[in-house]
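File shown here: input.cif, holding mmCIF, C-alpha atoms.
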```cif
data_structure
#
loop_
_atom_site.label_atom_id
_atom_site.label_comp_id
_atom_site.auth_asym_id
_atom_site.auth_seq_id
_atom_site.Cartn_x
_atom_site.Cartn_y
_atom_site.Cartn_z
CA MET A 561 13.11 -18.29 -7.11
CA SER A 562 15.28 -20.60 -4.99
CA ASP A 563 13.68 -23.40 -2.99
CA PRO A 564 14.64 -21.94 0.44
CA LEU A 565 12.84 -18.70 -0.40
CA MET A 566 9.67 -20.29 -1.72
CA PRO A 567 8.37 -21.57 1.67
CA ALA A 568 9.11 -18.15 3.20
CA LEU A 569 7.13 -16.43 0.46
CA ILE A 570 4.24 -18.86 0.91
CA ALA A 571 4.29 -18.23 4.66
CA VAL A 572 4.24 -14.44 4.31
CA ILE A 573 1.49 -14.35 1.67
CA GLY A 574 -0.56 -17.05 3.37
CA GLY A 575 -0.10 -15.44 6.78
CA ALA A 576 -1.27 -12.06 5.46
CA ALA A 577 -4.34 -13.67 3.87
CA LEU A 578 -5.15 -15.56 7.06
CA ALA A 579 -4.67 -12.39 9.11
CA LEU A 580 -7.36 -10.70 7.03
CA VAL A 581 -9.75 -13.58 7.67
CA VAL A 582 -9.27 -13.57 11.45
CA PHE A 583 -8.84 -9.80 11.83
CA VAL A 584 -12.38 -8.96 12.97
CA PRO A 585 -12.66 -11.90 15.44
CA PHE A 586 -9.20 -11.02 16.79
CA VAL A 587 -10.18 -7.39 17.39
CA ALA A 588 -13.45 -8.41 19.05
CA ALA A 589 -11.74 -11.00 21.27
CA SER A 590 -8.98 -8.55 22.25
CA TYR A 591 -11.43 -5.86 23.30
CA ARG A 592 -13.42 -8.32 25.39
CA ARG A 593 -10.44 -9.92 27.09
CA ARG A 594 -8.09 -6.95 27.39
CA GLY A 595 -10.26 -3.89 26.76
CA GLN A 596 -8.03 -2.90 23.84
CA VAL A 597 -6.01 -4.37 20.97
CA GLY A 598 -2.53 -2.96 21.35
CA TRP A 599 -0.51 -2.80 18.15
CA GLY A 600 2.40 -4.70 19.69
CA ARG A 601 0.23 -7.66 20.62
CA ALA A 602 -1.42 -7.56 17.20
CA LEU A 603 2.03 -7.62 15.60
CA LEU A 604 2.99 -10.70 17.61
CA ALA A 605 -0.30 -12.40 16.74
CA GLY A 606 0.35 -11.75 13.04
CA ALA A 607 3.88 -13.10 13.44
CA SER A 608 2.38 -16.24 14.95
CA LEU A 609 0.27 -16.84 11.84
CA ILE A 610 3.25 -16.38 9.53
CA TYR A 611 5.39 -18.64 11.72
CA ALA A 612 2.76 -21.40 11.77
CA LEU A 613 2.55 -21.41 7.99
CA ALA A 614 6.35 -21.26 7.70
CA LEU A 615 6.59 -24.31 9.95
CA VAL A 616 4.27 -26.24 7.66
CA ALA A 617 5.96 -24.96 4.50
CA TYR A 618 9.52 -25.77 5.57
CA THR A 619 8.66 -29.26 6.86
CA LEU A 620 6.31 -30.47 4.11
CA LEU A 621 7.00 -28.45 0.96
CA PRO A 622 7.64 -28.79 -1.88
CA PHE A 623 5.16 -31.55 -2.71
CA PRO A 624 6.86 -33.96 -5.14
CA GLU A 625 5.32 -35.50 -8.23
CA VAL A 626 4.65 -39.22 -8.06
CA GLY A 627 6.29 -41.05 -10.94
CA GLU A 628 8.01 -44.27 -11.78
CA GLY A 629 10.50 -45.22 -9.09
CA PHE A 630 9.05 -42.73 -6.60
CA CYS A 631 9.21 -45.27 -3.78
CA ASP A 632 12.72 -46.42 -4.69
CA SER A 633 14.44 -43.37 -3.22
CA ARG A 634 16.72 -43.65 -0.21
CA ILE A 635 14.26 -41.78 2.03
CA ALA A 636 11.32 -43.91 0.94
CA ARG A 637 13.24 -47.11 1.61
CA ALA A 638 14.57 -45.96 4.97
CA GLY A 639 11.21 -44.67 6.20
CA ALA A 640 12.49 -43.64 9.65
CA GLN A 641 15.67 -42.93 11.58
CA THR A 642 14.95 -44.15 15.12
CA ARG A 643 18.41 -44.08 16.74
CA PRO A 644 18.75 -41.09 19.10
CA PHE A 645 21.76 -38.80 18.58
CA ALA A 646 22.76 -40.47 15.33
CA TRP A 647 23.82 -37.02 14.16
CA ILE A 648 26.95 -37.30 16.33
CA ASP A 649 28.16 -40.23 14.23
CA ASP A 650 27.03 -38.42 11.07
CA MET A 651 29.41 -35.57 11.87
CA ALA A 652 32.36 -37.94 11.37
CA ALA A 653 31.30 -38.52 7.77
CA PHE A 654 32.13 -34.91 6.87
CA ASP A 655 35.71 -33.80 6.59
CA VAL A 656 35.21 -30.31 8.07
CA ALA A 657 37.78 -28.74 10.40
CA ASN A 658 35.36 -26.31 12.04
CA PRO A 659 32.56 -28.21 13.86
CA LEU A 660 30.21 -25.26 13.41
CA ARG A 661 30.47 -25.77 9.66
CA ASN A 662 29.63 -29.45 9.86
CA PRO A 663 26.38 -30.07 7.92
CA ALA A 664 25.18 -32.69 10.44
CA LEU A 665 25.53 -30.27 13.36
CA LEU A 666 24.06 -27.40 11.37
CA GLN A 667 21.00 -29.54 10.63
CA VAL A 668 20.46 -30.14 14.34
CA LEU A 669 20.93 -26.46 15.20
CA MET A 670 18.46 -25.45 12.51
CA ASN A 671 15.87 -27.85 13.93
CA VAL A 672 16.40 -26.37 17.38
CA ALA A 673 16.06 -22.81 16.01
CA LEU A 674 12.93 -23.77 14.05
CA PHE A 675 10.96 -24.38 17.27
CA VAL A 676 12.33 -21.53 19.40
CA PRO A 677 9.66 -19.09 18.08
CA LEU A 678 6.94 -21.62 18.92
CA GLY A 679 8.10 -21.75 22.53
CA MET A 680 8.40 -17.98 22.82
CA LEU A 681 5.05 -17.15 21.22
CA LEU A 682 3.10 -19.91 22.95
CA ARG A 683 4.32 -19.01 26.39
CA HIS A 684 4.08 -15.24 25.90
CA LEU A 685 0.75 -15.00 24.08
CA GLY A 686 -0.84 -18.17 25.43
CA GLY A 687 0.34 -17.73 29.01
CA ARG A 688 1.44 -21.37 29.30
CA SER A 689 4.11 -22.72 31.64
CA VAL A 690 7.54 -23.85 30.49
CA LEU A 691 6.51 -27.49 30.94
CA VAL A 692 3.28 -27.18 28.98
CA THR A 693 4.99 -25.18 26.23
CA THR A 694 7.71 -27.82 25.90
CA LEU A 695 5.15 -30.63 25.76
CA VAL A 696 3.20 -28.78 23.08
CA GLY A 697 6.41 -28.36 21.10
CA ALA A 698 7.06 -32.10 21.38
CA ALA A 699 3.48 -32.84 20.27
CA VAL A 700 3.72 -30.53 17.25
CA SER A 701 7.05 -32.04 16.25
CA THR A 702 5.64 -35.56 16.62
CA LEU A 703 2.70 -34.61 14.41
CA ILE A 704 5.06 -33.26 11.75
CA GLU A 705 7.34 -36.32 11.87
CA CYS A 706 4.38 -38.69 11.67
CA THR A 707 3.02 -36.72 8.73
CA GLN A 708 6.37 -37.17 6.99
CA LEU A 709 6.54 -40.88 7.90
CA THR A 710 3.08 -41.61 6.49
CA GLY A 711 3.57 -39.66 3.27
CA ASN A 712 1.24 -36.84 4.40
CA TRP A 713 -1.15 -39.33 5.98
CA PHE A 714 -1.11 -41.73 3.04
CA LEU A 715 -1.77 -39.17 0.34
CA TYR A 716 1.54 -40.37 -1.10
CA PRO A 717 2.35 -44.07 -1.59
CA CYS A 718 5.53 -43.73 0.49
CA PRO A 719 7.43 -41.09 2.49
CA TYR A 720 9.27 -38.33 0.64
CA ARG A 721 10.76 -36.92 3.85
CA LEU A 722 12.53 -38.85 6.58
CA PHE A 723 11.10 -39.42 10.05
CA ASP A 724 14.05 -38.65 12.32
CA VAL A 725 13.97 -39.05 16.08
CA ASP A 726 16.84 -36.56 16.30
CA ASP A 727 14.59 -33.95 14.68
CA LEU A 728 11.99 -34.66 17.36
CA ILE A 729 14.58 -34.21 20.13
CA ALA A 730 15.97 -31.01 18.57
CA ASN A 731 12.52 -29.51 18.01
CA THR A 732 11.51 -30.22 21.61
CA ALA A 733 14.73 -28.63 22.84
CA GLY A 734 13.98 -25.59 20.70
CA ALA A 735 10.51 -25.23 22.20
CA PHE A 736 12.03 -25.49 25.70
CA LEU A 737 14.64 -22.81 24.96
CA GLY A 738 11.95 -20.63 23.42
CA ALA A 739 9.81 -20.95 26.54
CA LEU A 740 12.76 -19.82 28.66
CA ALA A 741 13.39 -16.87 26.32
CA ALA A 742 9.71 -15.85 26.13
CA PRO A 743 10.09 -12.93 28.61
CA LEU A 744 12.16 -11.16 25.95
CA LEU A 745 8.94 -10.55 24.00
CA ARG A 746 7.78 -8.23 26.76
CA ILE A 747 10.06 -5.55 25.35
CA VAL A 748 7.86 -5.29 22.25
CA PRO A 749 5.94 -2.01 22.81
CA GLY A 750 2.17 -1.66 22.47
CA GLN A 751 1.21 -4.55 24.76
CA ARG A 752 0.74 -2.99 28.18
CA LEU A 753 -2.84 -2.46 29.39
CA THR A 754 -3.72 1.19 30.00
CA ALA A 755 -6.82 0.42 32.11
CA GLU A 756 -8.80 -2.49 33.51
CA PRO A 757 -10.34 -4.61 30.70
CA GLY A 758 -13.88 -3.99 31.95
CA ALA A 759 -13.49 -0.25 32.42
CA PRO A 760 -15.10 2.12 29.87
CA ARG A 761 -12.63 3.92 27.65
CA PRO A 762 -12.76 7.12 25.60
CA VAL A 763 -13.99 7.04 22.01
CA THR A 764 -10.85 7.98 20.12
CA ILE A 765 -10.15 8.38 16.41
CA PRO A 766 -8.01 5.20 16.20
CA ARG A 767 -10.82 3.26 17.84
CA ARG A 768 -13.41 4.62 15.42
CA LEU A 769 -11.13 3.92 12.44
CA LEU A 770 -10.55 0.37 13.66
CA GLY A 771 -14.30 -0.18 13.86
CA ILE A 772 -14.74 1.19 10.33
CA LEU A 773 -11.99 -1.10 9.05
CA CYS A 774 -13.72 -4.08 10.68
CA ASP A 775 -17.00 -3.13 8.98
CA ILE A 776 -15.44 -2.83 5.52
CA LEU A 777 -13.37 -5.98 5.93
CA GLY A 778 -16.35 -7.89 7.32
CA ALA A 779 -18.50 -6.96 4.34
CA TRP A 780 -15.78 -7.83 1.84
CA LEU A 781 -14.97 -11.19 3.44
CA THR A 782 -18.64 -12.14 3.78
CA GLY A 783 -19.23 -11.37 0.11
CA ALA A 784 -16.09 -13.24 -0.95
CA PHE A 785 -17.12 -16.29 1.09
CA LEU A 786 -20.63 -16.35 -0.35
CA VAL A 787 -19.40 -15.98 -3.94
CA ALA A 788 -16.74 -18.66 -3.41
CA SER A 789 -19.39 -20.98 -1.96
CA LEU A 790 -21.63 -20.38 -4.96
CA HIS A 791 -18.88 -21.23 -7.43
CA ALA A 792 -17.87 -24.28 -5.41
CA ILE A 793 -21.44 -25.56 -5.67
CA VAL A 794 -21.48 -24.76 -9.40
CA LEU A 795 -18.22 -26.67 -9.86
CA LEU A 796 -19.43 -29.70 -7.91
CA THR A 797 -22.76 -29.88 -9.70
CA GLY A 798 -21.29 -29.35 -13.17
CA VAL A 799 -23.40 -26.27 -13.88
CA SER A 800 -21.87 -23.74 -16.25
CA GLU A 801 -20.49 -20.65 -14.54
CA ARG A 802 -21.95 -18.65 -17.41
CA ALA A 803 -25.49 -19.73 -16.58
CA GLU A 804 -27.79 -16.72 -16.23
CA TRP A 805 -28.78 -17.47 -12.65
CA VAL A 806 -25.12 -17.84 -11.62
CA VAL A 807 -24.17 -14.53 -13.23
CA ALA A 808 -27.19 -12.86 -11.59
CA LEU A 809 -26.39 -14.27 -8.14
CA ASP A 810 -22.77 -13.10 -8.12
CA PRO A 811 -23.46 -9.42 -7.28
CA VAL A 812 -26.34 -10.35 -5.00
CA LEU A 813 -24.18 -12.61 -2.84
CA GLY A 814 -21.02 -10.55 -3.20
CA THR A 815 -22.49 -7.15 -2.40
CA TRP A 816 -26.15 -6.91 -1.47
CA VAL A 817 -26.52 -9.81 0.97
CA PRO A 818 -23.53 -8.66 3.09
CA LEU A 819 -24.87 -5.10 3.07
CA VAL A 820 -28.33 -6.16 4.22
CA VAL A 821 -27.05 -8.56 6.87
CA LEU A 822 -24.24 -6.41 8.30
CA PHE A 823 -25.74 -2.92 7.97
CA VAL A 824 -29.47 -3.58 8.38
CA VAL A 825 -30.05 -6.81 10.28
CA VAL A 826 -27.09 -6.67 12.70
CA PRO A 827 -27.63 -3.04 13.85
CA MET A 828 -31.27 -3.87 14.55
CA LEU A 829 -30.36 -6.82 16.79
CA GLY A 830 -30.35 -5.43 20.29
CA ARG A 831 -29.87 -1.98 18.80
CA GLY A 832 -26.16 -2.42 19.25
CA GLY A 833 -24.59 -0.97 16.13
CA THR A 834 -22.68 -2.56 13.26
CA VAL A 835 -20.27 -5.49 13.44
CA GLY A 836 -17.28 -3.15 13.48
CA GLN A 837 -18.76 -0.99 16.25
CA ARG A 838 -19.54 -4.07 18.32
CA ALA A 839 -16.02 -5.44 17.75
CA VAL A 840 -14.42 -2.36 19.36
CA LEU A 841 -17.12 -2.17 22.04
CA LEU A 842 -18.87 0.95 20.78
CA ARG A 843 -22.59 1.64 20.42
CA PRO A 844 -24.61 4.44 18.82
CA ALA A 845 -26.57 6.37 21.43
CA LEU A 846 -28.74 9.41 21.88
CA PRO A 847 -26.99 12.49 23.31
CA ASP A 848 -28.29 11.55 26.80
CA GLY A 849 -26.92 8.02 26.47
CA GLY A 850 -30.24 6.43 25.65
CA VAL A 851 -30.81 3.76 23.03
CA PRO A 852 -31.83 5.18 19.62
CA SER A 853 -34.87 3.93 17.76
CA ARG A 854 -34.41 1.26 15.11
CA ALA A 855 -35.16 3.80 12.39
CA ARG A 856 -32.43 6.10 13.68
CA LEU A 857 -29.98 3.22 13.94
CA LEU A 858 -30.76 2.15 10.39
CA ALA A 859 -30.27 5.70 9.13
CA ARG A 860 -26.92 6.00 10.90
CA SER A 861 -25.76 2.64 9.52
CA VAL A 862 -26.75 3.54 5.95
CA LEU A 863 -25.22 7.02 6.18
CA GLY A 864 -21.95 5.65 7.56
CA VAL A 865 -19.85 2.80 6.18
CA GLY A 866 -22.99 1.22 4.78
CA GLY A 867 -23.53 4.26 2.55
CA TYR A 868 -20.01 4.08 1.17
CA LEU A 869 -20.36 0.36 0.38
CA LEU A 870 -23.86 0.90 -1.02
CA LEU A 871 -22.63 3.51 -3.50
CA GLU A 872 -19.64 1.39 -4.44
CA GLY A 873 -21.83 -1.67 -4.97
CA ALA A 874 -24.18 0.36 -7.15
CA GLY A 875 -21.29 1.24 -9.44
CA ALA A 876 -21.01 4.87 -8.31
CA ALA A 877 -17.32 4.67 -7.41
CA GLY A 878 -16.84 8.44 -7.66
CA LEU A 879 -19.70 9.21 -5.27
CA ALA A 880 -18.54 6.43 -2.97
CA SER A 881 -15.04 7.92 -2.79
CA LEU A 882 -16.45 11.40 -2.19
CA TRP A 883 -18.74 10.19 0.58
CA GLY A 884 -15.90 8.22 2.15
CA LEU A 885 -13.66 11.29 2.13
CA VAL A 886 -16.36 13.51 3.63
CA SER A 887 -17.08 10.94 6.33
CA LEU A 888 -13.40 10.55 7.14
CA VAL A 889 -12.85 14.30 7.44
CA GLY A 890 -15.97 14.60 9.55
CA LEU A 891 -14.64 12.02 11.96
CA PHE A 892 -11.61 14.24 12.62
CA VAL A 893 -13.28 17.64 12.78
CA ILE A 894 -16.70 16.99 14.38
CA ALA A 895 -16.78 17.08 18.15
CA GLU A 896 -17.10 13.86 20.17
CA ARG A 897 -15.99 11.80 17.15
CA ARG A 898 -19.61 11.65 16.02
CA GLY A 899 -18.84 11.78 12.33
CA VAL A 900 -21.19 13.00 9.61
CA ALA A 901 -23.62 10.12 10.19
CA GLY A 902 -23.83 11.05 13.85
CA VAL A 903 -24.66 14.68 13.07
CA LEU A 904 -27.30 13.76 10.50
CA THR A 905 -29.01 11.31 12.87
CA ALA A 906 -28.46 13.29 16.08
CA THR A 907 -26.57 10.42 17.71
CA VAL A 908 -23.23 9.98 19.44
CA MET A 909 -20.90 7.02 19.86
CA LEU A 910 -20.33 5.63 23.36
CA ASP A 911 -18.39 2.81 24.95
CA ARG A 912 -20.65 -0.25 25.23
CA ARG A 913 -19.54 -0.76 28.82
CA VAL A 914 -21.38 2.42 29.80
CA PRO A 915 -24.95 1.42 30.70
CA ALA A 916 -27.90 3.21 29.13
CA PRO A 917 -29.57 5.59 29.80
CA THR A 918 -27.26 6.81 32.55
CA ALA A 919 -24.20 6.82 30.31
CA ALA A 920 -21.96 9.65 31.31
CA LEU A 921 -18.73 8.90 29.50
CA ARG A 922 -18.35 10.88 26.28
CA SER A 923 -15.64 10.76 23.70
CA HIS A 924 -12.73 13.13 24.02
CA ASN A 925 -9.89 14.29 21.85
#
```
Target format structure tokens, applied to this file:
Amino acid sequence: MSDPLMPALIAVIGGAALALVVFVPFVAASYRRRGQVGWGRALLAGASLIYALALVAYTLLPFPEVGEGFCDSRIARAGAQTRPFAWIDDMAAFDVANPLRNPALLQVLMNVALFVPLGMLLRHLGGRSVLVTTLVGAAVSTLIECTQLTGNWFLYPCPYRLFDVDDLIANTAGAFLGALAAPLLRIVPGQRLTAEPGAPRPVTIPRRLLGILCDILGAWLTGAFLVASLHAIVLLTGVSERAEWVVALDPVLGTWVPLVVLFVVVPMLGRGGTVGQRAVLLRPALPDGGVPSRARLLARSVLGVGGYLLLEGAGAAGLASLWGLVSLVGLFVIAERRGVAGVLTATVMLDRRVPAPTAALRSHN
């Protein structure tokens, strides 16, 4: 794979992985600030993650190997280019009839274009002014240039990329132009609020499915983090990964601890439902809007997503798939989006912004 494509691939893969990690907090924050997620805003937020990683990848990668004569290169000896607009003189060094094909000018234009998305996304999603956005762009560019000048903050014995004041000027200009162009992002659909953020909203199928996705993703990420932490400790202490206690702890930390914490402990806290239900501002309730007993909440949690994950963790993949399918179909066909777990426990799902026990808002189709 060519070098120009490698940073892009790293950015896309890394951005997707990071999006999974921050997905549940993003959903929860969106519902609390805006009352909804909005697929257009989620798309722009995901693009921001990919862009941030692309910025790092294109300015710092690939990392070179340190060998004999590493610090004898032209870049290492130069260290920094501190003369503003030196690129104008550099253009004369290339015998190119069309100025737009001049490598020196193209380099400047690419550095401008590199920071245009930063300006657009920061102003649109962050709600910052043109001045603040431009200053942030200048600060980010300065950080990148200083990282290059110091050899990634002295991890390398000398710079392998050139500090260039013209890059700093071009990047800042790109952030400024991006801030001016930020209103164009308003045309991306799926961003407009459909009601006041604090107003209760209907319990719809997409909302229920989003909560279920948050539950499954939360359990998987919690288990992955605990297992990774265990193996990091094993690596640092020099213990064999084949040790009996390590092998025994893997499924406990990867499956059972997340299940207990997320589907037993969390629903019991304040009787507010699972992590996914809380993220999308839903709560299990009695048909009159009252708060269910802890036993009923536990039963609903275990019969819902918790039951699917419990069967899967126990090695009953076939039963888990069957239960997941039944639960999914039930969500579509059972009135009020109660699902199978709701029918079995005689509970409904309400918007958390509806106070109990006088909750009147019910889900609708």
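With atom CA of A:Leu841 on one side and atom CA of A:Arg912 on the other, the separation reads 5.1 Å.
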Expanded to explicit residues, what is the PyMOL selection byres ((chain A and resi 888) around 12) for this file, as a PyMOL selection string? chain A and resi 765-766+768-769+772-773+864-865+868+881-887+889-894+897-901
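What the PyMOL selection byres ((chain A and resi 669-671) around 10) grabs from this file is Leu660, Pro663, Ala664, Leu665, Leu666, Gln667, Val668, Val672, Ala673, Leu674, Phe675, Val676, Asp726, Asp727, Leu728, Ile729, Ala730, Asn731, Thr732, Ala733 and Gly734 of chain A.
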What's around A:Arg752 at 12 Å? Count only C-alpha atoms, leave out sequence neighbours fewer than 2 positions away in its own chain, and write the answer as a ChimeraX atom specification. /A:594-601,745-750,754-757
Which residues are close to stretch 567-577 of chain A, i.e. within 9 Å by all atoms listed in the file, leaving aside same-chain residues fewer than 6 positions away? Reply as a list of chain:residue names. A:Gly606, A:Ala607, A:Ser608, A:Leu609, A:Ile610, A:Tyr611, A:Ala612, A:Leu613, A:Ala614, A:Leu615, A:Val616, A:Ala617, A:Tyr618, A:Leu621, A:Pro622
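The space separating atom CA of A:Val696 from atom CA of A:Phe714 comes to 24.2 Å.
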I need the residue set behind the PyMOL selection byres ((chain A and resi 907-911) around 8) for this file; please write it as a PDB file with C-alpha atoms, in the frame of the given file.
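Saved result, expr00.pdb, follows:
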```pdb
ATOM      1  CA  PRO A 760     -15.100   2.120  29.870  1.00  0.00           C
ATOM      2  CA  ARG A 761     -12.630   3.920  27.650  1.00  0.00           C
ATOM      3  CA  PRO A 762     -12.760   7.120  25.600  1.00  0.00           C
ATOM      4  CA  VAL A 763     -13.990   7.040  22.010  1.00  0.00           C
ATOM      5  CA  LEU A 841     -17.120  -2.170  22.040  1.00  0.00           C
ATOM      6  CA  LEU A 842     -18.870   0.950  20.780  1.00  0.00           C
ATOM      7  CA  ARG A 843     -22.590   1.640  20.420  1.00  0.00           C
ATOM      8  CA  PRO A 844     -24.610   4.440  18.820  1.00  0.00           C
ATOM      9  CA  ALA A 845     -26.570   6.370  21.430  1.00  0.00           C
ATOM     10  CA  LEU A 846     -28.740   9.410  21.880  1.00  0.00           C
ATOM     11  CA  PRO A 847     -26.990  12.490  23.310  1.00  0.00           C
ATOM     12  CA  GLY A 849     -26.920   8.020  26.470  1.00  0.00           C
ATOM     13  CA  PRO A 852     -31.830   5.180  19.620  1.00  0.00           C
ATOM     14  CA  GLU A 896     -17.100  13.860  20.170  1.00  0.00           C
ATOM     15  CA  ARG A 897     -15.990  11.800  17.150  1.00  0.00           C
ATOM     16  CA  ARG A 898     -19.610  11.650  16.020  1.00  0.00           C
ATOM     17  CA  GLY A 902     -23.830  11.050  13.850  1.00  0.00           C
ATOM     18  CA  VAL A 903     -24.660  14.680  13.070  1.00  0.00           C
ATOM     19  CA  LEU A 904     -27.300  13.760  10.500  1.00  0.00           C
ATOM     20  CA  THR A 905     -29.010  11.310  12.870  1.00  0.00           C
ATOM     21  CA  ALA A 906     -28.460  13.290  16.080  1.00  0.00           C
ATOM     22  CA  ARG A 912     -20.650  -0.250  25.230  1.00  0.00           C
ATOM     23  CA  ARG A 913     -19.540  -0.760  28.820  1.00  0.00           C
ATOM     24  CA  VAL A 914     -21.380   2.420  29.800  1.00  0.00           C
ATOM     25  CA  LEU A 921     -18.730   8.900  29.500  1.00  0.00           C
ATOM     26  CA  ARG A 922     -18.350  10.880  26.280  1.00  0.00           C
ATOM     27  CA  SER A 923     -15.640  10.760  23.700  1.00  0.00           C
TER      28      SER A 923
END
```
Test item: axis-aligned box, all listed atoms of stretch 609-612 of chain A, 6 Å on each side, centre and edges in Å rounded to one decimal, as JSON:
```
{"center_x": 2.8, "center_y": -18.9, "center_z": 10.7, "size_x": 17.1, "size_y": 17.0, "size_z": 14.3}
```
Contact residues around stretch 780-787 of chain A with all atoms listed in the file at 7 Å, ignoring same-chain residues under 4 positions, as a list in words: Ile776, His791, Asp810, Leu813, Gly814, Thr815 and Pro818 of chain A
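Reported to one decimal place, the separation of atom CA of A:Tyr720 from atom CA of A:Leu578 is 27.7 Å.
Candidate residues A:Gly679, A:Thr710, A:Gly687, A:Leu858 were compared for distance to A:Leu737, and the nearest is A:Gly679, using all atoms listed in the file.
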For stretch 820-826 of chain A, work out the shell of residues within 6 Å, counting all atoms listed in the file and skipping chain neighbours fewer than 3 positions away, then give it as JSON, numbers by chain. {"A": [817, 829, 861, 866]}
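Compared by their closest atoms to A:Tyr716, and using only C-alpha atoms, the residues A:Pro659, A:Pro677, A:Gly738, A:Gly627 rank with A:Gly627 nearest.
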Export stretch 669-687 of chain A, N, CA and C atoms, as a PDB file, in the first residue's frame; it's the structure right above.
```
ATOM      1  N   LEU A 669      -0.951  25.091  -0.411  1.00  0.00           N
ATOM      2  CA  LEU A 669      -2.399  24.888  -0.561  1.00  0.00           C
ATOM      3  C   LEU A 669      -2.870  23.644   0.183  1.00  0.00           C
ATOM      4  N   MET A 670      -2.044  22.614   0.188  1.00  0.00           N
ATOM      5  CA  MET A 670      -2.403  21.400   0.918  1.00  0.00           C
ATOM      6  C   MET A 670      -2.432  21.661   2.427  1.00  0.00           C
ATOM      7  N   ASN A 671      -1.515  22.486   2.916  1.00  0.00           N
ATOM      8  CA  ASN A 671      -1.512  22.813   4.339  1.00  0.00           C
ATOM      9  C   ASN A 671      -2.705  23.682   4.723  1.00  0.00           C
ATOM     10  N   VAL A 672      -3.129  24.535   3.796  1.00  0.00           N
ATOM     11  CA  VAL A 672      -4.356  25.302   4.041  1.00  0.00           C
ATOM     12  C   VAL A 672      -5.553  24.356   4.101  1.00  0.00           C
ATOM     13  N   ALA A 673      -5.661  23.470   3.094  1.00  0.00           N
ATOM     14  CA  ALA A 673      -6.796  22.544   3.015  1.00  0.00           C
ATOM     15  C   ALA A 673      -6.834  21.596   4.208  1.00  0.00           C
ATOM     16  N   LEU A 674      -5.666  21.254   4.750  1.00  0.00           N
ATOM     17  CA  LEU A 674      -5.607  20.298   5.853  1.00  0.00           C
ATOM     18  C   LEU A 674      -6.345  20.808   7.079  1.00  0.00           C
ATOM     19  N   PHE A 675      -6.390  22.135   7.280  1.00  0.00           N
ATOM     20  CA  PHE A 675      -7.005  22.692   8.488  1.00  0.00           C
ATOM     21  C   PHE A 675      -8.390  23.287   8.240  1.00  0.00           C
ATOM     22  N   VAL A 676      -8.859  23.271   7.002  1.00  0.00           N
ATOM     23  CA  VAL A 676     -10.219  23.748   6.734  1.00  0.00           C
ATOM     24  C   VAL A 676     -11.269  22.906   7.474  1.00  0.00           C
ATOM     25  N   PRO A 677     -11.177  21.558   7.458  1.00  0.00           N
ATOM     26  CA  PRO A 677     -12.159  20.776   8.225  1.00  0.00           C
ATOM     27  C   PRO A 677     -12.146  21.086   9.715  1.00  0.00           C
ATOM     28  N   LEU A 678     -10.962  21.361  10.276  1.00  0.00           N
ATOM     29  CA  LEU A 678     -10.901  21.700  11.697  1.00  0.00           C
ATOM     30  C   LEU A 678     -11.726  22.943  11.978  1.00  0.00           C
ATOM     31  N   GLY A 679     -11.558  23.974  11.149  1.00  0.00           N
ATOM     32  CA  GLY A 679     -12.322  25.194  11.346  1.00  0.00           C
ATOM     33  C   GLY A 679     -13.816  24.979  11.199  1.00  0.00           C
ATOM     34  N   MET A 680     -14.211  24.201  10.200  1.00  0.00           N
ATOM     35  CA  MET A 680     -15.635  23.967   9.960  1.00  0.00           C
ATOM     36  C   MET A 680     -16.263  23.173  11.103  1.00  0.00           C
ATOM     37  N   LEU A 681     -15.612  22.078  11.500  1.00  0.00           N
ATOM     38  CA  LEU A 681     -16.183  21.214  12.524  1.00  0.00           C
ATOM     39  C   LEU A 681     -16.184  21.880  13.890  1.00  0.00           C
ATOM     40  N   LEU A 682     -15.101  22.594  14.203  1.00  0.00           N
ATOM     41  CA  LEU A 682     -15.019  23.237  15.520  1.00  0.00           C
ATOM     42  C   LEU A 682     -16.066  24.324  15.674  1.00  0.00           C
ATOM     43  N   ARG A 683     -16.245  25.109  14.639  1.00  0.00           N
ATOM     44  CA  ARG A 683     -17.236  26.180  14.753  1.00  0.00           C
ATOM     45  C   ARG A 683     -18.662  25.630  14.723  1.00  0.00           C
ATOM     46  N   HIS A 684     -18.910  24.633  13.855  1.00  0.00           N
ATOM     47  CA  HIS A 684     -20.267  24.114  13.726  1.00  0.00           C
ATOM     48  C   HIS A 684     -20.680  23.276  14.938  1.00  0.00           C
ATOM     49  N   LEU A 685     -19.842  22.312  15.311  1.00  0.00           N
ATOM     50  CA  LEU A 685     -20.194  21.421  16.420  1.00  0.00           C
ATOM     51  C   LEU A 685     -19.896  22.044  17.781  1.00  0.00           C
ATOM     52  N   GLY A 686     -18.810  22.812  17.844  1.00  0.00           N
ATOM     53  CA  GLY A 686     -18.435  23.406  19.130  1.00  0.00           C
ATOM     54  C   GLY A 686     -19.069  24.747  19.402  1.00  0.00           C
ATOM     55  N   GLY A 687     -19.657  25.366  18.376  1.00  0.00           N
ATOM     56  CA  GLY A 687     -20.329  26.639  18.571  1.00  0.00           C
ATOM     57  C   GLY A 687     -19.378  27.780  18.898  1.00  0.00           C
TER      58      GLY A 687
END
```
